[in-house]
Amino acid sequence: MAAARHKQTRDPKAHWLLLSLVLPVLFGALLFQGWTQNEVDGAKEKQDCTAPVPRAAADAGPVLSVRGDQVRSARMPAGTVALTYSGGPDPKWTPRLLALLARHDAHATFFVNGAKAAEHPDLVRKIRAQGHEIGSNTYTGADLGTASDVRRTLELRLTESALAGADGFTPSLLRMPLTTTVPTLCGAEWPAAQRASADGYLIVAADRAGRKPAQGAVRQFSQTSLAYRETEKLLADPYARRFATVSEGVGAAAPEAGQAPEVGQAPEAGQAAGGSGDGLRAAVMEPASTVERWLGAGLIRFQDLGRGFVSALTLVLTVAAALGLLRLAFLILFARLHVKRLERYRPGSPWLREIRDPVTVLVPAYNEEAGIGGTLRSLLASTHRQLQIIVIDDGSSDRTVEIAREYAARDPRVQVVRQPNAGKAAALNHGLTYARCPYVVMVDSDTVFEADAVERLVQPLAHPAVGAVSGNTKVGNRRRLLGRWQHLEYVFGFNLDRRMFEVLECMTTVPGAIGAFRLDALMGVGGLSEDTLAEDTDLTMALWRAGWRVVYEETAIAWTEVPTSLRQLWRQRYRWCYGTLQAMWKHRRAVFEVGPAGRFGRRGLSYLFLFQVVLPLLAPVIDVFMLYSALFAASPLKSMAMWLGFLAVQTGVAAYALRLDGERRRTLWALPFQLLVYRQLMYLVVIQSVVAFVGGSRLKWQRMHRSGTAAAAAQHIDTATDRPGLTATR
């Protein structure tokens, strides 16, 4: 029945398709946001000029059209001042400037950045509604003279699209970023101005600072407090009779829809070298087409997505980093407290007796011919001699039963029972019916016990409130990189967590590889449930809810064989994670209970939900954001330094965990690679498990292929004690 209950219907693959579609879109939005906010191939600072402007432009007016060697220009008429503002629109200063201009009935020209216009389309509409003119200051304000051809084109076209989406028009006036007067259009800026003119733009520079309003002038400001004060002074100048937009000043009012008026030489305007102002034509704010409006609206939405994503991820990353550091700090703190509290549950305490009672050992096995022999040999060599070892064969088709019976024939403490294949939980329940001892140890059939493991494991059960004890599982086959990563995970992750869980009285799992139980506690909760794939986690939670305490005995050591391929690892962790989710959901009401059950629910379940579900689900987008920060942050070295700092903290905690477990710290070299590769795999496992669980998919028990290397590997492990088989220290 268990096999039917956990029968797998179909692999939930739709979410991978969704993830493969969503992540590129989000990453694309991040890339676009990064490009609009940071220098990529366009400098944010003007380069030194390598050559002055051509002679034809030396005395040109500030409004230019440059076609090849031909320069046409115009100036403001006498007494007319064209106030121009570069950058923005700025949510703080643009409204203030608009209010100031309105009080003086003055018009101005705002050269906006397309990215800012897309961010504040309401300000674009407000500028136009008050009769002002809008030109382009490119999309990001990057230097067009040093930008690549692709970026130059994007800077202009995206600005046109943003303004079309914001208020339905496209500009024909352009202020070259990082330039002021005509002479600053030197070096690489001049060819860029030529290309912009060829695209139909009029280039608008500024007059030199010494030119008086009475002569007519184009004044250039940024949108700052200084610009506000300077504008106030200029508006009060008695020689400035008129404040007009650029197009009004050179003789063309803002055009009606579809018109393209000629911008002629204004009265009293100076004759520009290389030609008069006659012939300058511009549709200053030409209405955008319907398609251009749609594309512009899409651009604005896409930039909103990127900006919102960056803001959200900045918050998430900050919270995640804070929680991660807080977790590491708590792990260290509670590990220290755990070391100090060991004496309460250890032999030698004056108020605790030493357990010498017989112990039943349950060894469920399904096609475990490679490892069952090593497991039985290690158990029979135990210093705790009074053992009842029950091997429960779960319908094996290999030589598992034959090997187990050979040991049973040689030692009466070994007993072999059989059942049709029904799963691990059913096998353990079957074995419990044969148990004759007050204490039960459950062992995976690929696990090798140290000689004193059983004796040490059962001692905490002398405390009358303790119903179960978790042992210390170590990785035997750790010589290859994947094994080293799992070794670090077992020591740094699982074992440190268990130390903290014991102190907080919320142990979440007694591992199936090595765990001890009171027989009456097991019977009190009905044995092992077949409701989940994580029967060990489910049982541990049930014991808490029944009022029992669960502790950790780090000196009871067993060696296990971990997956040797990514496929095997995925299948194992998928089952673990999926089963844990099932157990969490099954025991969710523990959060509202009192006593040991309530402590476990509010501490243990909350911890699992936060650190083993929520944060792993956010991990892929956080990693994407970290890549974004490395590519586009103002200081990539700062982002790298933060990552290295976090790695250093993790390395320090991992080193402490290895010391507590008596392991050599030379394996720490694999930790950075674990964070870059192994961690990502584990996060994907969580995503797959959560989607499968929410979607109601049913999984079957997936057995890992065993090679029987745990026993051999355990004998050659170099530990800090240089003593194979005894690695835990206090």
# chains A, B, ... in the order shown; residues from 1 in each chain; ligands from 1
>>> residues_around(residues="Val562 (chain A)", least_positions_apart="6", cutoff="8 Å", atoms="only C-alpha atoms", output="PyMOL selection string")
chain A and resi 475-477+483+486+569
>>> write_last_selection(atoms="N, CA, C and O atoms", output="short mmCIF file (atom, residue, chain, number, x, y, z; two decimals), in the first residue's frame")
data_model
loop_
_atom_site.label_atom_id
_atom_site.label_comp_id
_atom_site.auth_asym_id
_atom_site.auth_seq_id
_atom_site.Cartn_x
_atom_site.Cartn_y
_atom_site.Cartn_z
N VAL A 475 30.47 11.03 6.61
CA VAL A 475 30.60 10.58 5.22
C VAL A 475 31.84 9.71 5.10
O VAL A 475 32.96 10.15 5.40
N GLY A 476 31.65 8.47 4.66
CA GLY A 476 32.78 7.56 4.49
C GLY A 476 33.50 7.78 3.18
O GLY A 476 34.73 7.91 3.13
N ASN A 477 32.75 7.86 2.08
CA ASN A 477 33.37 7.99 0.75
C ASN A 477 33.50 9.47 0.38
O ASN A 477 32.76 10.01 -0.42
N GLY A 483 31.92 13.94 -2.78
CA GLY A 483 31.91 13.41 -1.42
C GLY A 483 32.40 14.43 -0.41
O GLY A 483 31.88 14.51 0.71
N GLN A 486 29.64 16.89 0.35
CA GLN A 486 28.65 16.32 1.26
C GLN A 486 29.21 16.17 2.67
O GLN A 486 28.49 16.33 3.67
N LEU A 569 22.56 12.00 -6.22
CA LEU A 569 22.40 13.02 -5.19
C LEU A 569 21.07 13.75 -5.36
O LEU A 569 20.36 13.99 -4.38
#
>>> select_by_dssp(residues="region 67-107 of chain A", states="alpha helix (DSSP H)", output="ChimeraX atom specification")
/A:93-103
>>> write_last_selection(atoms="C-alpha atoms", output="mmCIF file, in the first residue's frame")
data_model
loop_
_atom_site.group_PDB
_atom_site.id
_atom_site.type_symbol
_atom_site.label_atom_id
_atom_site.label_comp_id
_atom_site.auth_asym_id
_atom_site.auth_seq_id
_atom_site.Cartn_x
_atom_site.Cartn_y
_atom_site.Cartn_z
ATOM 1 C CA TRP A 93 13.622 69.780 -8.601
ATOM 2 C CA THR A 94 11.580 69.564 -11.799
ATOM 3 C CA PRO A 95 8.295 70.486 -10.026
ATOM 4 C CA ARG A 96 10.033 73.328 -8.220
ATOM 5 C CA LEU A 97 11.487 74.699 -11.434
ATOM 6 C CA LEU A 98 8.119 74.395 -13.168
ATOM 7 C CA ALA A 99 6.457 76.335 -10.337
ATOM 8 C CA LEU A 100 9.134 79.018 -10.511
ATOM 9 C CA LEU A 101 8.756 79.376 -14.277
ATOM 10 C CA ALA A 102 4.970 79.515 -13.981
ATOM 11 C CA ARG A 103 5.150 82.411 -11.498
#
>>> closest_atom_pairs(of="region 166-240 of chain A", to="region 148-159 of chain A", cutoff="10 Å", atoms="only C-alpha atoms", output="CSV")
residue,atom,partner,partner_atom,distance
A:Thr170,CA,A:Thr159,CA,8.3
A:Pro171,CA,A:Thr159,CA,8.6
A:Leu174,CA,A:Leu156,CA,9.0
A:Ala192,CA,A:Arg152,CA,8.4
A:Arg195,CA,A:Arg152,CA,9.4
A:Ala196,CA,A:Leu156,CA,8.5
A:Asp199,CA,A:Leu156,CA,9.4
A:Tyr201,CA,A:Leu156,CA,9.9
>>> write_last_selection(atoms="C-alpha atoms", output="short mmCIF file (atom, residue, chain, number, x, y, z; two decimals), in the first residue's frame")
data_model
loop_
_atom_site.label_atom_id
_atom_site.label_comp_id
_atom_site.auth_asym_id
_atom_site.auth_seq_id
_atom_site.Cartn_x
_atom_site.Cartn_y
_atom_site.Cartn_z
CA THR A 170 9.28 62.30 -30.37
CA PRO A 171 11.92 65.03 -29.97
CA LEU A 174 19.36 67.14 -28.83
CA ALA A 192 28.84 62.26 -32.96
CA ARG A 195 25.73 61.61 -37.00
CA ALA A 196 22.96 63.01 -34.79
CA ASP A 199 19.42 61.47 -37.95
CA TYR A 201 18.34 66.30 -34.76
#
>>> select_by_dssp(residues="region 495-643 of chain A", states="strand (DSSP E)", output="ChimeraX atom specification")
/A:514-518,549-560
>>> residues_around(residues="region 686-693 of chain A", least_positions_apart="6", cutoff="8 Å", atoms="only C-alpha atoms", output="PyMOL selection string")
chain A and resi 12+15+574+577-578+581-582+612-613+616-617
>>> residues_around(residues="Thr433 (chain A)", least_positions_apart="3", cutoff="12 Å", atoms="only C-alpha atoms", output="JSON, numbers by chain")
{"A": [360, 362, 390, 392, 417, 426, 427, 428, 429, 430, 436, 437, 440, 519, 522, 523, 526, 527]}
>>> write_last_selection(atoms="N, CA and C atoms", output="JSON list (two decimals), in the first residue's frame")
[["chain", "number", "residue", "atom", "x", "y", "z"],
["A", 360, "THR", "N", 17.65, -3.51, 21.00],
["A", 360, "THR", "CA", 17.25, -4.06, 19.70],
["A", 360, "THR", "C", 17.76, -3.15, 18.60],
["A", 362, "LEU", "N", 17.40, -2.46, 14.57],
["A", 362, "LEU", "CA", 16.62, -2.75, 13.37],
["A", 362, "LEU", "C", 17.40, -2.31, 12.14],
["A", 390, "ILE", "N", 18.02, -7.26, 14.22],
["A", 390, "ILE", "CA", 16.97, -7.78, 13.34],
["A", 390, "ILE", "C", 17.16, -7.18, 11.95],
["A", 392, "ILE", "N", 15.55, -6.75, 8.47],
["A", 392, "ILE", "CA", 14.23, -6.87, 7.83],
["A", 392, "ILE", "C", 14.43, -6.72, 6.33],
["A", 417, "VAL", "N", 14.32, -11.47, 9.11],
["A", 417, "VAL", "CA", 12.90, -11.63, 8.79],
["A", 417, "VAL", "C", 12.65, -11.03, 7.42],
["A", 426, "ALA", "N", 7.39, 0.56, 6.48],
["A", 426, "ALA", "CA", 6.70, -0.71, 6.74],
["A", 426, "ALA", "C", 7.67, -1.77, 7.24],
["A", 427, "ALA", "N", 8.89, -1.76, 6.69],
["A", 427, "ALA", "CA", 9.89, -2.72, 7.13],
["A", 427, "ALA", "C", 10.27, -2.50, 8.59],
["A", 428, "LEU", "N", 10.45, -1.25, 8.98],
["A", 428, "LEU", "CA", 10.79, -0.96, 10.37],
["A", 428, "LEU", "C", 9.64, -1.33, 11.30],
["A", 429, "ASN", "N", 8.43, -1.05, 10.91],
["A", 429, "ASN", "CA", 7.28, -1.44, 11.73],
["A", 429, "ASN", "C", 7.19, -2.96, 11.88],
["A", 430, "HIS", "N", 7.52, -3.66, 10.79],
["A", 430, "HIS", "CA", 7.54, -5.12, 10.86],
["A", 430, "HIS", "C", 8.60, -5.58, 11.86],
["A", 436, "ARG", "N", 12.42, -7.15, 21.48],
["A", 436, "ARG", "CA", 12.27, -7.67, 22.84],
["A", 436, "ARG", "C", 12.94, -6.77, 23.88],
["A", 437, "CYS", "N", 13.56, -5.67, 23.46],
["A", 437, "CYS", "CA", 14.35, -4.84, 24.36],
["A", 437, "CYS", "C", 13.68, -3.48, 24.56],
["A", 440, "VAL", "N", 15.54, 0.79, 21.25],
["A", 440, "VAL", "CA", 15.63, 0.38, 19.85],
["A", 440, "VAL", "C", 16.57, 1.32, 19.11],
["A", 519, "LEU", "N", 11.38, 2.07, 23.27],
["A", 519, "LEU", "CA", 10.37, 1.25, 22.62],
["A", 519, "LEU", "C", 8.97, 1.74, 22.97],
["A", 522, "LEU", "N", 8.08, 4.73, 20.86],
["A", 522, "LEU", "CA", 7.72, 4.33, 19.50],
["A", 522, "LEU", "C", 6.31, 3.76, 19.45],
["A", 523, "MET", "N", 6.01, 2.90, 20.39],
["A", 523, "MET", "CA", 4.68, 2.31, 20.40],
["A", 523, "MET", "C", 3.61, 3.36, 20.69],
["A", 526, "GLY", "N", 2.49, 5.02, 17.62],
["A", 526, "GLY", "CA", 2.02, 4.12, 16.56],
["A", 526, "GLY", "C", 3.10, 3.64, 15.62],
["A", 527, "GLY", "N", 4.36, 3.70, 16.04],
["A", 527, "GLY", "CA", 5.44, 3.27, 15.17],
["A", 527, "GLY", "C", 5.73, 4.31, 14.10]]
>>> residues_around(residues="Ile355 (chain A)", least_positions_apart="6", cutoff="10 Å", atoms="only C-alpha atoms", output="list in words")
Pro347, His384, Tyr439, Glu455, Arg456, Val458, Gln459, Pro460, Leu461 and Ala462 of chain A
>>> atom_distance(atom1="CA of Val694 (chain A)", atom2="CA of Met626 (chain A)")
28.4 Å
>>> residues_around(residues="Leu226 (chain A)", least_positions_apart="5", cutoff="12 Å", atoms="only C-alpha atoms", output="list in words")
Tyr85, Trp93, Leu97, Gln220, Phe221, Thr231, Glu232 and Lys233 of chain A
>>> write_last_selection(atoms="N, CA and C atoms", output="PDB file, in the first residue's frame")
ATOM      1  N   TYR A  85      17.422  73.048 -19.414  1.00  0.00           N
ATOM      2  CA  TYR A  85      17.776  72.211 -18.267  1.00  0.00           C
ATOM      3  C   TYR A  85      18.128  70.815 -18.772  1.00  0.00           C
ATOM      4  N   TRP A  93      13.335  68.448  -8.090  1.00  0.00           N
ATOM      5  CA  TRP A  93      13.622  69.780  -8.601  1.00  0.00           C
ATOM      6  C   TRP A  93      12.818  70.157  -9.836  1.00  0.00           C
ATOM      7  N   LEU A  97      11.139  73.828 -10.305  1.00  0.00           N
ATOM      8  CA  LEU A  97      11.487  74.699 -11.434  1.00  0.00           C
ATOM      9  C   LEU A  97      10.250  75.072 -12.232  1.00  0.00           C
ATOM     10  N   GLN A 220      22.313  77.176 -19.919  1.00  0.00           N
ATOM     11  CA  GLN A 220      22.234  75.737 -19.627  1.00  0.00           C
ATOM     12  C   GLN A 220      22.375  75.504 -18.128  1.00  0.00           C
ATOM     13  N   PHE A 221      21.433  74.726 -17.581  1.00  0.00           N
ATOM     14  CA  PHE A 221      21.465  74.379 -16.159  1.00  0.00           C
ATOM     15  C   PHE A 221      21.200  72.878 -16.011  1.00  0.00           C
ATOM     16  N   THR A 231      18.353  80.389 -11.795  1.00  0.00           N
ATOM     17  CA  THR A 231      17.161  80.708 -12.587  1.00  0.00           C
ATOM     18  C   THR A 231      16.416  81.889 -11.970  1.00  0.00           C
ATOM     19  N   GLU A 232      16.305  81.891 -10.635  1.00  0.00           N
ATOM     20  CA  GLU A 232      15.642  83.019  -9.966  1.00  0.00           C
ATOM     21  C   GLU A 232      16.331  84.331 -10.295  1.00  0.00           C
ATOM     22  N   LYS A 233      17.653  84.345 -10.260  1.00  0.00           N
ATOM     23  CA  LYS A 233      18.401  85.570 -10.564  1.00  0.00           C
ATOM     24  C   LYS A 233      18.153  86.008 -11.996  1.00  0.00           C
TER      25      LYS A 233
END
>>> closest_residue(among="A:Ala57, A:Leu660, A:Ala198, A:Leu163", to="His120 (chain A)", atoms="only C-alpha atoms")
A:Leu163
>>> residues_around(residues="Leu202 (chain A)", least_positions_apart="5", cutoff="8 Å", atoms="only C-alpha atoms", output="ChimeraX atom specification")
/A:63-65,172-174,196-197,282
>>> atom_distance(atom1="CA of Gly373 (chain A)", atom2="CA of Gly579 (chain A)")
28.5 Å
>>> atom_distance(atom1="CA of Asn495 (chain A)", atom2="CA of Leu481 (chain A)")
20.0 Å
>>> closest_residue(among="A:Val653, A:Val124, A:Leu379, A:Asp59", to="Leu496 (chain A)", atoms="only C-alpha atoms")
A:Val653
>>> closest_atom_pairs(of="region 107-198 of chain A", to="region 297-319 of chain A", cutoff="9 Å", atoms="only C-alpha atoms", output="Markdown table")
| residue | atom | partner | partner_atom | distance |
| --- | --- | --- | --- | --- |
| A:Ala115 | CA | A:Gln303 | CA | 8.0 |
| A:Ala117 | CA | A:Ile300 | CA | 8.7 |
| A:Ala118 | CA | A:Ile300 | CA | 5.0 |
| A:Glu119 | CA | A:Asp304 | CA | 6.9 |
| A:Pro121 | CA | A:Ile300 | CA | 8.4 |
| A:Leu158 | CA | A:Leu299 | CA | 8.1 |
| A:Ser161 | CA | A:Leu299 | CA | 7.3 |
| A:Ala162 | CA | A:Ile300 | CA | 6.5 |
| A:Ala164 | CA | A:Ala297 | CA | 7.7 |
| A:Gly165 | CA | A:Ala297 | CA | 4.3 |
| A:Ala166 | CA | A:Ala297 | CA | 7.0 |
>>> write_last_selection(atoms="C-alpha atoms", output="PDB file, in the first residue's frame")
ATOM      1  CA  ALA A 115      15.597  56.529 -18.610  1.00  0.00           C
ATOM      2  CA  ALA A 117      11.479  60.046 -18.521  1.00  0.00           C
ATOM      3  CA  ALA A 118      10.456  56.389 -18.453  1.00  0.00           C
ATOM      4  CA  GLU A 119      10.741  56.444 -14.671  1.00  0.00           C
ATOM      5  CA  PRO A 121       6.320  59.886 -17.264  1.00  0.00           C
ATOM      6  CA  LEU A 158      15.244  54.555 -26.702  1.00  0.00           C
ATOM      7  CA  SER A 161      10.532  55.572 -27.554  1.00  0.00           C
ATOM      8  CA  ALA A 162      10.348  56.600 -23.886  1.00  0.00           C
ATOM      9  CA  ALA A 164       6.479  58.460 -27.196  1.00  0.00           C
ATOM     10  CA  GLY A 165       5.268  56.165 -24.443  1.00  0.00           C
ATOM     11  CA  ALA A 166       5.191  58.929 -21.828  1.00  0.00           C
TER      12      ALA A 166
END
>>> closest_residue(among="A:Ala546, A:Val685, A:Ala78, A:Leu234", to="Gln572 (chain A)", atoms="only C-alpha atoms")
A:Val685
